[in-house]
$ cat run_21.cif   # mmCIF, C-alpha atoms
data_model
loop_
_atom_site.label_atom_id
_atom_site.label_comp_id
_atom_site.auth_asym_id
_atom_site.auth_seq_id
_atom_site.Cartn_x
_atom_site.Cartn_y
_atom_site.Cartn_z
CA MET H 27 13.90 -115.72 -22.01
CA ARG H 28 16.38 -113.81 -19.93
CA ASN H 29 19.06 -116.39 -20.52
CA ASN H 30 18.43 -116.22 -24.21
CA ARG H 31 19.08 -112.51 -24.18
CA VAL H 32 22.31 -112.90 -22.29
CA CYS H 33 23.37 -115.55 -24.75
CA LEU H 34 22.51 -113.33 -27.67
CA SER H 35 24.40 -110.35 -26.33
CA LEU H 36 27.39 -112.55 -25.55
CA LEU H 37 27.34 -113.82 -29.10
CA ALA H 38 27.01 -110.29 -30.43
CA SER H 39 29.93 -109.06 -28.36
CA LEU H 40 32.04 -111.91 -29.71
CA PHE H 41 31.49 -110.55 -33.19
CA VAL H 42 32.17 -107.00 -32.17
CA PHE H 43 35.30 -107.59 -30.15
CA SER H 44 37.16 -110.38 -31.89
CA ALA H 45 39.74 -109.09 -34.35
CA PRO H 46 38.45 -109.48 -37.90
CA LEU H 47 40.00 -112.42 -39.64
CA LEU H 48 41.18 -111.14 -43.00
CA ALA H 49 40.95 -113.21 -46.14
CA LYS H 50 44.22 -114.45 -47.65
CA GLU H 51 45.64 -112.29 -50.45
CA SER H 52 47.93 -113.48 -53.24
CA ALA H 53 51.70 -112.97 -52.95
CA THR H 54 51.72 -110.98 -56.19
CA ASP H 55 49.13 -108.56 -54.80
CA ASN H 56 50.85 -108.30 -51.44
CA TYR H 57 54.27 -107.70 -53.01
CA ASN H 58 52.91 -105.12 -55.44
CA THR H 59 51.15 -103.25 -52.64
CA TYR H 60 53.55 -103.38 -49.70
CA CYS H 61 57.06 -104.21 -50.95
CA VAL H 62 57.23 -102.15 -54.14
CA GLN H 63 57.30 -98.86 -52.18
CA CYS H 64 60.94 -99.68 -51.31
CA HIS H 65 61.99 -102.66 -53.43
CA GLY H 66 60.64 -101.11 -56.63
CA MET H 67 58.21 -101.88 -59.43
CA GLN H 68 60.83 -104.22 -60.91
CA GLY H 69 61.78 -105.76 -57.54
CA ASN H 70 65.35 -104.58 -58.17
CA GLY H 71 65.63 -102.39 -55.05
CA MET H 72 64.95 -99.13 -56.91
CA GLY H 73 61.71 -98.14 -55.12
CA LEU H 74 60.04 -94.78 -54.69
CA ASN H 75 61.30 -94.39 -51.11
CA ILE H 76 65.02 -95.07 -51.44
CA ARG H 77 66.55 -91.61 -52.06
CA ASP H 78 67.30 -90.78 -48.41
CA MET H 79 67.66 -94.31 -47.05
CA SER H 80 71.05 -94.96 -45.42
CA VAL H 81 70.90 -98.65 -46.38
CA GLN H 82 69.45 -99.51 -49.78
CA PRO H 83 66.77 -102.20 -50.12
CA ARG H 84 67.84 -105.62 -51.38
CA ASP H 85 67.66 -106.27 -55.13
CA HIS H 86 65.25 -109.23 -55.13
CA THR H 87 66.25 -110.15 -58.67
CA ASP H 88 69.89 -110.66 -57.65
CA PHE H 89 70.59 -114.38 -58.11
CA LYS H 90 73.76 -114.46 -56.02
CA SER H 91 72.71 -112.67 -52.82
CA MET H 92 69.21 -114.14 -52.79
CA SER H 93 70.58 -117.69 -53.27
CA ALA H 94 72.69 -117.18 -50.18
CA ARG H 95 69.55 -116.90 -48.02
CA SER H 96 67.62 -119.89 -46.74
CA ASN H 97 63.83 -119.92 -46.91
CA GLU H 98 63.76 -119.76 -43.11
CA GLU H 99 65.89 -116.60 -43.14
CA LEU H 100 63.63 -114.97 -45.72
CA PHE H 101 60.56 -115.89 -43.68
CA LYS H 102 62.10 -114.46 -40.52
CA VAL H 103 63.25 -111.19 -42.09
CA ILE H 104 59.79 -110.56 -43.58
CA LYS H 105 57.92 -111.43 -40.40
CA GLU H 106 60.23 -109.77 -37.85
CA GLY H 107 62.06 -107.16 -39.93
CA GLY H 108 65.71 -106.46 -40.74
CA GLY H 109 66.68 -106.24 -37.07
CA ALA H 110 65.95 -109.96 -36.60
CA LEU H 111 68.86 -110.89 -38.92
CA SER H 112 71.14 -108.01 -37.83
CA LYS H 113 70.14 -106.14 -40.97
CA SER H 114 68.89 -102.56 -41.27
CA VAL H 115 65.71 -101.54 -39.38
CA LEU H 116 64.66 -99.85 -42.62
CA MET H 117 63.40 -103.30 -43.59
CA PRO H 118 60.20 -103.30 -41.48
CA PRO H 119 58.51 -106.24 -39.65
CA TRP H 120 55.35 -107.43 -41.45
CA GLY H 121 54.06 -109.93 -38.88
CA SER H 122 50.96 -107.82 -38.13
CA THR H 123 50.17 -107.20 -41.79
CA PHE H 124 50.30 -110.79 -43.10
CA SER H 125 49.41 -114.27 -41.86
CA ASP H 126 52.23 -116.85 -41.74
CA GLU H 127 50.68 -118.45 -44.80
CA GLU H 128 50.90 -115.20 -46.74
CA ILE H 129 54.54 -114.78 -45.67
CA ASN H 130 55.33 -118.31 -46.89
CA ASP H 131 53.76 -117.38 -50.22
CA LEU H 132 55.92 -114.24 -50.34
CA VAL H 133 59.05 -116.36 -49.81
CA LYS H 134 58.01 -118.49 -52.81
CA TYR H 135 57.35 -115.32 -54.80
CA LEU H 136 60.86 -114.02 -53.99
CA ARG H 137 62.27 -117.31 -55.37
CA VAL H 138 60.46 -116.56 -58.62
CA LEU H 139 61.82 -113.01 -58.74
CA CYS H 140 65.46 -114.12 -58.25
CA LYS H 141 64.97 -117.24 -60.39
CA CYS H 142 66.90 -118.97 -57.62
CA LYS H 143 66.56 -121.63 -54.92
CA GLN H 144 67.88 -121.79 -51.42
CA GLY H 145 71.63 -122.42 -51.88
CA GLY H 146 71.84 -121.69 -55.63
CA MET X 3 19.23 -93.09 -50.27
CA LYS X 4 18.58 -95.32 -47.26
CA ARG X 5 21.52 -93.71 -45.54
CA LEU X 6 20.15 -90.26 -46.22
CA LEU X 7 16.86 -91.33 -44.70
CA VAL X 8 18.54 -92.69 -41.59
CA PHE X 9 20.50 -89.49 -41.38
CA LEU X 10 17.38 -87.35 -41.68
CA LEU X 11 15.61 -89.38 -39.01
CA PHE X 12 18.66 -88.98 -36.82
CA ASN X 13 18.45 -85.22 -37.24
CA ILE X 14 14.84 -85.12 -36.21
CA GLY X 15 15.51 -87.33 -33.20
CA PHE X 16 18.41 -85.38 -31.75
CA GLY X 17 19.16 -81.70 -31.68
CA VAL X 18 21.67 -81.08 -34.47
CA SER X 19 22.88 -77.56 -35.15
CA PRO X 20 22.19 -76.11 -38.63
CA ALA X 21 25.95 -75.88 -39.28
CA GLN X 22 26.42 -79.60 -38.57
CA ALA X 23 23.47 -80.52 -40.75
CA GLY X 24 24.69 -78.29 -43.60
CA GLY X 25 28.19 -79.75 -43.25
CA MET X 26 26.81 -83.28 -43.36
CA ASN X 27 24.92 -82.42 -46.53
CA ILE X 28 28.09 -81.21 -48.21
CA LEU X 29 29.93 -84.34 -47.08
CA GLN X 30 27.20 -86.61 -48.43
CA GLU X 31 26.93 -84.81 -51.74
CA GLN X 32 30.48 -83.72 -52.59
CA CYS X 33 32.87 -85.84 -50.56
CA ALA X 34 31.44 -89.31 -49.95
CA SER X 35 32.53 -90.58 -53.39
CA CYS X 36 36.16 -90.42 -52.18
CA HIS X 37 35.92 -90.32 -48.35
CA ALA X 38 34.09 -93.09 -46.45
CA LEU X 39 31.65 -91.55 -43.97
CA TYR X 40 30.76 -95.00 -42.63
CA GLY X 41 32.95 -97.91 -41.58
CA PRO X 42 34.38 -100.41 -41.66
CA ALA X 43 37.79 -99.68 -43.20
CA PRO X 44 38.77 -101.82 -46.22
CA GLN X 45 39.09 -105.51 -45.28
CA THR X 46 40.55 -106.75 -48.57
CA LEU X 47 43.26 -105.45 -50.89
CA SER X 48 40.77 -104.82 -53.65
CA GLN X 49 38.71 -102.58 -51.34
CA PHE X 50 41.92 -100.93 -50.13
CA LYS X 51 43.09 -100.18 -53.66
CA ALA X 52 39.69 -98.80 -54.64
CA ARG X 53 39.77 -96.20 -51.85
CA GLN X 54 40.02 -92.66 -53.30
CA GLY X 55 40.73 -90.64 -50.15
CA PRO X 56 41.34 -90.97 -46.39
CA ASP X 57 38.46 -92.53 -44.39
CA PHE X 58 36.34 -90.07 -42.42
CA PHE X 59 34.17 -92.24 -40.19
CA TYR X 60 36.58 -91.59 -37.28
CA ALA X 61 37.46 -88.00 -38.30
CA GLY X 62 36.29 -86.60 -34.94
CA ASN X 63 38.92 -88.73 -33.18
CA LYS X 64 41.68 -87.99 -35.70
CA TYR X 65 41.79 -84.37 -36.87
CA ARG X 66 42.26 -81.01 -35.21
CA LYS X 67 39.23 -78.94 -36.05
CA ALA X 68 41.05 -75.63 -36.55
CA TRP X 69 43.41 -77.27 -39.05
CA LEU X 70 40.46 -78.75 -41.00
CA VAL X 71 38.85 -75.32 -41.38
CA GLN X 72 42.09 -73.88 -42.76
CA TRP X 73 43.11 -76.76 -45.02
CA LEU X 74 39.69 -77.10 -46.63
CA GLN X 75 39.97 -73.51 -47.85
CA ASN X 76 43.58 -73.89 -48.93
CA PRO X 77 44.41 -77.58 -49.50
CA LYS X 78 48.07 -78.49 -49.93
CA ARG X 79 49.35 -81.97 -50.75
CA ILE X 80 50.06 -84.14 -47.68
CA ARG X 81 50.85 -87.49 -49.30
CA PRO X 82 53.50 -86.81 -51.96
CA ALA X 83 52.44 -89.86 -53.98
CA GLY X 84 48.70 -89.67 -53.33
CA ILE X 85 46.41 -91.87 -51.25
CA PHE X 86 47.86 -95.05 -52.83
CA TYR X 87 51.36 -94.55 -54.27
CA ARG X 88 50.96 -97.46 -56.73
CA ASP X 89 48.53 -95.40 -58.80
CA HIS X 90 50.95 -92.48 -59.06
CA ILE X 91 54.43 -93.85 -59.84
CA LYS X 92 56.43 -94.73 -62.95
CA PRO X 93 59.86 -96.29 -63.42
CA GLY X 94 62.69 -93.70 -63.42
CA GLU X 95 66.43 -93.56 -64.13
CA LYS X 96 67.65 -94.15 -60.59
CA ARG X 97 64.45 -95.25 -58.88
CA ASP X 98 60.67 -95.23 -59.27
CA GLU X 99 59.34 -91.67 -59.52
CA ILE X 100 56.12 -89.87 -58.78
CA ASP X 101 54.04 -89.32 -61.92
CA LEU X 102 52.79 -85.81 -61.14
CA SER X 103 50.42 -85.81 -64.11
CA THR X 104 48.25 -88.35 -62.28
CA LEU X 105 47.80 -86.26 -59.11
CA LYS X 106 44.78 -83.95 -59.13
CA PRO X 107 44.29 -80.82 -57.01
CA HIS X 108 41.80 -81.14 -54.13
CA ILE X 109 38.37 -79.54 -54.09
CA ILE X 110 38.34 -76.12 -52.32
CA LEU X 111 35.61 -74.92 -49.96
CA ASP X 112 34.62 -71.38 -48.97
CA LYS X 113 34.94 -70.29 -45.35
CA SER X 114 31.42 -71.01 -44.20
CA SER X 115 31.27 -74.43 -45.90
CA ALA X 116 34.68 -75.30 -44.44
CA GLU X 117 33.44 -74.41 -40.98
CA SER X 118 30.26 -76.43 -41.22
CA VAL X 119 32.07 -79.42 -42.77
CA ALA X 120 34.66 -79.35 -39.95
CA GLU X 121 31.81 -79.18 -37.43
CA ALA X 122 30.15 -82.22 -39.04
CA LEU X 123 33.43 -84.17 -39.29
CA MET X 124 34.00 -83.70 -35.56
CA GLN X 125 30.80 -85.69 -34.93
CA LEU X 126 32.11 -88.81 -36.73
CA LYS X 127 33.58 -90.71 -33.83
CA ALA X 128 34.13 -94.37 -34.64
CA ASN X 129 37.03 -96.13 -32.89
CA SER X 130 36.79 -94.05 -29.70
CA GLU X 131 37.82 -97.14 -27.75
CA LEU X 132 41.22 -97.02 -29.50
CA ILE X 133 42.07 -93.64 -27.98
CA ALA X 134 40.36 -94.05 -24.60
CA GLY X 135 42.60 -93.55 -21.59
CA ALA X 136 44.91 -90.80 -20.47
CA ALA X 137 45.07 -87.63 -22.54
CA PHE X 138 48.45 -86.90 -24.12
CA VAL X 139 50.66 -84.49 -22.17
CA PRO X 140 53.27 -82.91 -24.48
CA ALA X 141 56.91 -82.88 -23.36
CA GLY X 142 60.20 -82.35 -25.21
CA ALA X 143 61.46 -85.25 -27.35
CA SER X 144 64.89 -86.75 -26.77
CA LEU X 145 66.80 -88.18 -29.72
CA GLY X 146 63.68 -87.62 -31.82
CA GLU X 147 65.22 -87.71 -35.27
CA MET X 148 67.55 -90.54 -34.25
CA SER X 149 64.53 -92.61 -33.15
CA PHE X 150 62.51 -91.76 -36.24
CA ASP X 151 65.36 -92.69 -38.58
CA LYS X 152 67.98 -95.01 -37.10
CA PHE X 153 66.09 -96.85 -34.35
CA TYR X 154 62.71 -97.47 -35.95
CA GLY X 155 63.12 -96.82 -39.67
CA CYS X 156 60.10 -94.49 -39.98
CA LEU X 157 62.04 -92.19 -42.32
CA GLY X 158 61.84 -94.89 -44.99
CA CYS X 159 58.26 -93.85 -45.79
CA HIS X 160 57.78 -90.37 -44.26
CA GLN X 161 59.37 -86.98 -44.94
CA ILE X 162 60.56 -85.08 -41.84
CA GLU X 163 61.10 -81.89 -43.82
CA PRO X 164 60.11 -80.85 -47.33
CA GLY X 165 62.20 -82.96 -49.73
CA TYR X 166 63.78 -85.26 -47.14
CA GLY X 167 62.54 -88.79 -46.40
CA GLY X 168 60.31 -91.45 -47.93
CA LEU X 169 57.40 -90.64 -50.24
CA SER X 170 54.82 -93.41 -49.90
CA GLY X 171 53.41 -92.13 -46.58
CA PRO X 172 52.09 -88.70 -45.51
CA GLU X 173 54.63 -86.00 -44.62
CA VAL X 174 55.07 -86.02 -40.83
CA TYR X 175 56.52 -82.54 -40.36
CA THR X 176 52.94 -81.22 -40.43
CA ALA X 177 51.34 -84.28 -38.77
CA ALA X 178 50.91 -82.69 -35.34
CA ARG X 179 49.18 -79.65 -36.84
CA ARG X 180 46.69 -81.91 -38.54
CA LEU X 181 46.19 -84.74 -36.07
CA THR X 182 45.44 -85.16 -32.38
CA PRO X 183 48.38 -86.59 -30.36
CA GLU X 184 46.03 -89.30 -29.06
CA TYR X 185 45.35 -90.48 -32.62
CA MET X 186 49.03 -90.40 -33.56
CA SER X 187 50.00 -92.44 -30.48
CA SER X 188 47.29 -94.99 -31.10
CA PHE X 189 47.98 -95.28 -34.84
CA ILE X 190 51.73 -95.73 -34.27
CA ALA X 191 51.06 -98.37 -31.60
CA ASN X 192 48.74 -100.37 -33.86
CA PRO X 193 48.09 -99.07 -37.38
CA GLN X 194 46.11 -102.20 -38.32
CA ALA X 195 43.55 -101.51 -35.58
CA TRP X 196 42.54 -98.37 -37.52
CA ASP X 197 43.09 -99.66 -41.02
CA PRO X 198 43.73 -103.42 -41.35
CA LYS X 199 45.27 -103.15 -44.84
CA THR X 200 47.37 -99.99 -44.23
CA LEU X 201 50.80 -99.72 -45.91
CA MET X 202 52.31 -98.90 -42.53
CA PRO X 203 53.74 -101.95 -40.74
CA LYS X 204 53.29 -102.40 -37.00
CA ARG X 205 56.49 -102.22 -35.00
CA ASP X 206 56.48 -103.34 -31.36
CA LEU X 207 57.29 -100.15 -29.48
CA GLN X 208 57.10 -99.36 -25.79
CA GLU X 209 54.74 -96.64 -24.63
CA GLY X 210 57.61 -94.33 -23.71
CA ASN X 211 59.09 -94.64 -27.21
CA ILE X 212 55.76 -93.87 -28.82
CA ARG X 213 55.32 -90.81 -26.61
CA ASN X 214 58.80 -89.69 -27.63
CA LEU X 215 58.02 -90.09 -31.36
CA VAL X 216 54.80 -88.09 -30.98
CA ASN X 217 56.65 -85.37 -29.07
CA TYR X 218 59.17 -85.27 -31.91
CA MET X 219 56.34 -84.67 -34.39
CA LEU X 220 54.93 -81.96 -32.10
CA ASP X 221 58.38 -80.30 -32.18
CA LEU X 222 58.59 -80.60 -35.98
CA SER X 223 55.18 -78.99 -36.44
CA LYS X 224 56.30 -75.82 -34.61
CA GLU X 225 58.74 -74.89 -37.39
CA ASP X 226 57.50 -72.56 -40.09
CA TRP X 227 57.65 -74.89 -43.09
CA ASP X 228 55.95 -72.44 -45.43
CA GLU X 229 58.89 -70.07 -45.03
CA LYS X 230 61.44 -72.70 -46.09
#
$ encode --input "run_21.cif" --output "structure tokens"
Amino acid sequence: MRNNRVCLSLLASLFVFSAPLLAKESATDNYNTYCVQCHGMQGNGMGLNIRDMSVQPRDHTDFKSMSARSNEELFKVIKEGGGALSKSVLMPPWGSTFSDEEINDLVKYLRVLCKCKQGG
Amino acid sequence: MKRLLVFLLFNIGFGVSPAQAGGMNILQEQCASCHALYGPAPQTLSQFKARQGPDFFYAGNKYRKAWLVQWLQNPKRIRPAGIFYRDHIKPGEKRDEIDLSTLKPHIILDKSSAESVAEALMQLKANSELIAGAAFVPAGASLGEMSFDKFYGCLGCHQIEPGYGGLSGPEVYTAARRLTPEYMSSFIANPQAWDPKTLMPKRDLQEGNIRNLVNYMLDLSKEDWDEK
């Protein structure tokens, strides 16, 4: 009886204290919620926040500059922020907002926006 | 209805002052449609996007009571583009712009309602474990603006004076008037612990840097922004 109670309360505390595992969201939804504030409704870098930013956000529709980035670089800059690729810290790290799977989906979404592949 | 019942039972069980009870009634009747009085915070983007106002179930750990009493009688906009900027922007010439026609003025309370609502909000204390530990001891900030802008990129989303900075987040030049330093420190350290879907990304910062950023906001809040 006693043991049962201990078990139960242990189980309960597991639920209370483990970080909630969030369901996966689509890349379109994630981009439209989190990235548009700086990269803009059109993904062209003309977001709401840019007026006083010393470095302007990347135009994600730019074929040339986006082709020059590998998928690994895009993944890294989204997860760890601009600093990780010696870019501006104004590009924030998103590793605590998204799962790796969601970041991979965002990389694919960026390839749709620029109509480009890694290397051209 | 069930909630109201639980609430009534709660009132009978424990001694609750008339002001608190009156405040809770106002919250239930006039505010709960936009402000969540019970957790948890949104766990999915669709819940996040449906939210109409800041969550209140941890209000007692977040707000300064004196500020609440004042603001409720004379509400001024805090988030230039509303609670979720996506609902309040349109494409512009040089960049996306705020669509002011979509932003509505906030409900205004009289003095005694404001006082009893503030009293009731102070009782909503979810997430206490996130601010447990040493109380914040204010000290001067060094390189505050430099940190906020150049080192950590916070300026991208927050204004540090009227008309200067990013627009998707709340203005921070009044943050320390509104919020407890313990909440600000904890939110900056781990925004997702308070609000898993928040627009604010988590940056790995050392405790000393967080203290410095909070001290910077304390300094900012001392200026008379209404005069400017």
$ residues_around --input "run_21.cif" --residues "range 62-68 of chain H" --least-positions-apart "2" --cutoff "10 Å" --atoms "all atoms listed in the file" --output "VMD selection string"
(chain H and resid 56 to 60 70 to 77 79 82 to 87 116 to 117 139) or (chain X and resid 87 to 88 91 to 93 97 to 99 158 to 159 168 to 171 201)
$ axis_aligned_box --input "run_21.cif" --around "range 141-150 of chain X" --padding-each-side "5 Å" --output "JSON"
{"center_x": 62.2, "center_y": -87.5, "center_z": -29.8, "size_x": 20.6, "size_y": 20.3, "size_z": 22.9}
$ resolve_selection --input "run_21.cif" --expression "the PyMOL selection byres ((chain H and resi 93) around 6)" --output "list in words"
Phe89, Lys90, Ser91, Met92, Ala94, Arg95, Cys142, Lys143, Gln144, Gly145 and Gly146 of chain H
$ atom_distance --input "run_21.cif" --atom1 "CA of Phe50 in chain X" --atom2 "CA of Lys199 in chain X"
6.6 Å
$ residues_around --input "run_21.cif" --residues "Glu99 in chain H" --least-positions-apart "6" --cutoff "10 Å" --atoms "all atoms listed in the file" --output "PyMOL selection string"
chain H and resi 105+110-111+133+144
$ resolve_selection --input "run_21.cif" --expression "the PyMOL selection byres ((chain X and resi 144-146) around 8)" --output "PyMOL selection string"
chain X and resi 142-143+147-150+214-215+217-218
$ write_last_selection --input "run_21.cif" --atoms "C-alpha atoms" --output "PDB file, in the coordinates of the input"
ATOM      1  CA  GLY X 142      60.200 -82.350 -25.210  1.00  0.00           C
ATOM      2  CA  ALA X 143      61.460 -85.250 -27.350  1.00  0.00           C
ATOM      3  CA  GLU X 147      65.220 -87.710 -35.270  1.00  0.00           C
ATOM      4  CA  MET X 148      67.550 -90.540 -34.250  1.00  0.00           C
ATOM      5  CA  SER X 149      64.530 -92.610 -33.150  1.00  0.00           C
ATOM      6  CA  PHE X 150      62.510 -91.760 -36.240  1.00  0.00           C
ATOM      7  CA  ASN X 214      58.800 -89.690 -27.630  1.00  0.00           C
ATOM      8  CA  LEU X 215      58.020 -90.090 -31.360  1.00  0.00           C
ATOM      9  CA  ASN X 217      56.650 -85.370 -29.070  1.00  0.00           C
ATOM     10  CA  TYR X 218      59.170 -85.270 -31.910  1.00  0.00           C
TER      11      TYR X 218
END
$ closest_residue --input "run_21.cif" --among "H:Ile104, H:Asp88, H:Ser122, H:Thr54" --to "chain X" --atoms "all atoms listed in the file"
H:Ser122
$ closest_residue --input "run_21.cif" --among "X:Pro172, X:Gly155, X:Pro183, X:Gly165" --to "Lys113 in chain H" --atoms "only C-alpha atoms"
X:Gly155
$ atom_distance --input "run_21.cif" --atom1 "CA of Val138 in chain H" --atom2 "CA of Pro203 in chain X"
24.0 Å
$ atom_distance --input "run_21.cif" --atom1 "CA of Gln45 in chain X" --atom2 "CA of Asp131 in chain H"
19.5 Å
$ closest_residue --input "run_21.cif" --among "H:Glu98, H:Pro118, H:Val103, H:Asp126" --to "chain X" --atoms "all atoms listed in the file"
H:Pro118
$ resolve_selection --input "run_21.cif" --expression "the PyMOL selection byres ((chain X and resi 175) around 8)" --output "MDAnalysis selection string"
chainID X and resid 161:163 173:174 176:178 219 222:223
$ closest_residue --input "run_21.cif" --among "X:Ser48, X:Thr104, X:Gln54, X:Gln30" --to "chain H" --atoms "all atoms listed in the file"
X:Ser48
$ closest_residue --input "run_21.cif" --among "X:Val139, X:Ala83, X:Leu74, X:Ile110" --to "chain H" --atoms "only C-alpha atoms"
X:Ala83
$ closest_residue --input "run_21.cif" --among "H:Phe101, H:Ser96, H:Cys140, H:Leu47" --to "Glu127 in chain H" --atoms "only C-alpha atoms"
H:Phe101
$ residues_around --input "run_21.cif" --residues "Glu117 in chain X" --least-positions-apart "5" --cutoff "10 Å" --atoms "only C-alpha atoms" --output "list of chain:residue names"
X:Ala21, X:Gln22, X:Gly24, X:Gly25, X:Lys67, X:Ala68, X:Leu70, X:Val71, X:Gln72, X:Leu74, X:Gln75, X:Leu111, X:Asp112, X:Ala122, X:Leu123
$ residues_around --input "run_21.cif" --residues "Lys50 in chain H" --least-positions-apart "4" --cutoff "9 Å" --atoms "only C-alpha atoms" --output "JSON, numbers by chain"
{"H": [124, 125, 127, 128], "X": [46]}
